[in-house]
Every structure is written in structure tokens, then in C-alpha cells.
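Taking it in order: structure first as C-alpha cells, then the write-up.
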Amino acid sequence: MDFKRLRYFQTVVEERAISSAARRVPLAQPALSRQLQLLEEEVGTALLTRSRHGIRPTAAGEAFYRDTRRLLGEFEQAKRNARRIADGQLGQLRLGVTVMHLWVPQITGLLNRFRERYPEVTLKVESLLSGPQVEAIRREQLDAGMLFFPPEDDDSLCRHCLYEDHLVLVTSAASRLARRPPQRLAELNGEDFIWFDRSATPVYHDKLIHAFQRAGFTPHVVQEGTDNATMLCLVAAGMGCTILPAMTMAGAPEGVVSHRLEDLDLALPLMLVWRRDSGLPAVRRLIEIAEAEALASDNARA
């Protein structure tokens, strides 16, 4: 059905006259009359009655007027919604975040500013390790992610550094290691160590293992955790020590402490990652805010 004809019909009913409706549209009177005739033929019944007192809707016309008025309102709203989605101001953004980084100031600040600027974009945040995030982004199950070490040889992914973290030794506060903290990784040889399975996030796992090997440290793994939160709980229970990003300590349970080691110098750039071919405008808006904050931070340091 031609939406223009519906608007012409609405105007004629409201004006009660072809002449004034034609001026309001605007359209020549004969052309307007022809459009009304075609509309009645399409609907299959008379919608208007004409007399020397003007034009009045029939009973069918009254019902048609109410229904089409609602329809036109919904159509206009649909157009506005489409434009706002295209501008990144409406819709849903599916976002991955590495486990235990949701309360990191750089992350919470970015999400808060996005929410303030685009309040009608729903943020659907899922906590995932870096490896599963990469796969979810590739499969279009996530629109973007915040993770460590995205694959460097994958040209289908774009990245922007949000901040750089560092690694720390994490021990129980009641442990011997807490009372006499080691200075270097090699001093941990033979200590009960809590680790994670390589399949969970292979790139991150391999980079850590290479850092350990360079420092002469071979982990004596006695327990495995599926994520940082689980590993922290195992440390708190006195089952061993582990190596984690420093920012995870913000959510650590009581009885857990961290220590810097001299040769534990692997940098951990937390990246905002998205597909190069992403057509979702909300992703572009999130990237713009992240880039603006990075520029402001650089200018402040300068």
C-alpha cells in the first residue's frame, strides 16, 4: 500500500474538503481526487462520502482512518528508529570483557561514558577469557571484546589499546611466600602452583610460559582454575600460588596478597577488539569514545 495515499486520506478526513486538503498536502485537486479513488479501489470499499457540506468518512472510512493513523505513527517511529540505529544511538551492543576486569577503572569509565552518551543502546556484557572472546567475535556472537593478546596475524580483527597491565605473584597472606616474598621467578621452582588449561586462552598461556622459561622457572602445577576468579579462590584456600594480572587484585578475596617480581616484566596490553567488517554503528561509537579518552590521556601526560 502507498503510504502517500494514506497520508492524503488522513488529510482529507481532517480538512473535510478536497480544496483545503490539496493546499495542505500540497497537490493539485484533480490529482488528489484520483489518489483517493485509487485508495478506495485498493481497500475495496467507499471510504468517503461527498456532499455540498463537504467530505465525510463513511463508517468504514472512520475505522480506516483510526487504523491508518496508528499505522502511519508506527511507520514514522520505525523510520526514526532506523536512523538512530544507523547513527549508533539505538540498538544492542554485545561486548565481551575478560574475567575480573569489569571493575577496572579504565573499563568501567569507558562503559559509563558510552552509557551516558548513548542511553538507548543496550549493553549486553559477557565475561569471557581472551581466547573464547576472540572466537565469539569471529563468529559474530560478540560485537567487540576487551581482552589480552588478540592474534597478531589475523587481519580480520582491529584493535585499540585501552590500558597496559602487569603481572604479579599472588599468594595466600598466611603463606611462607607472603612472609618472605621472592624477588625472581626462579625462586618459585618447586612451589605449589595454580595454573589454567592452555585450551582456555592459548596465546596468553604461551606468552606466559615463554616468560617463565626465559626466567628459568618451571611451574609445579598442583591445581588448575578455569579463570582468574577461580584461581584467586584456590590461592585464598592455601592450595598454592599463581601469576595474575595486577588489576585482578581489585576483586581478590580476603587473605590474598600480591608481589612484584624483578624479572616478571611481560606487558599486558588490554585491547578493545572488533571485526574489521563490523557494520554495527554502536561499535564505531564505542571505539570513538575509547580513542578520544586515549588522546586525552596522552595530552595530559605531555
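Here, A, B, ... name the chains of the C-alpha cells in the order displayed, residue numbers run from 1 inside each chain, and ligands are numbered from 1 in the same displayed order.
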
**Request:** Write down as an MDAnalysis selection string the residues of region 77-279 of chain A whose backbone DSSP state falls under strand (DSSP E or B).
**Result:** chainID A and resid 91:97 121:127 144:148 157:165 167:172 192:195 220:224 241:245 256:259 268:275

**Message:** List the spatial neighbours of Ala46 (chain A) as a PyMOL selection string - criterion: any atom at most 10 Å away, only C-alpha atoms, same-chain residues fewer than 5 positions off excluded.
**Reply:** chain A and resi 36-37+39-41+57-61

**Message:** Rounded to one decimal, what separation in Å do you get between CA of Thr226 (chain A) and CA of Thr242 (chain A)?
**Reply:**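 Separation of CA of Thr226 (chain A) and CA of Thr242 (chain A): 13.0 Å.
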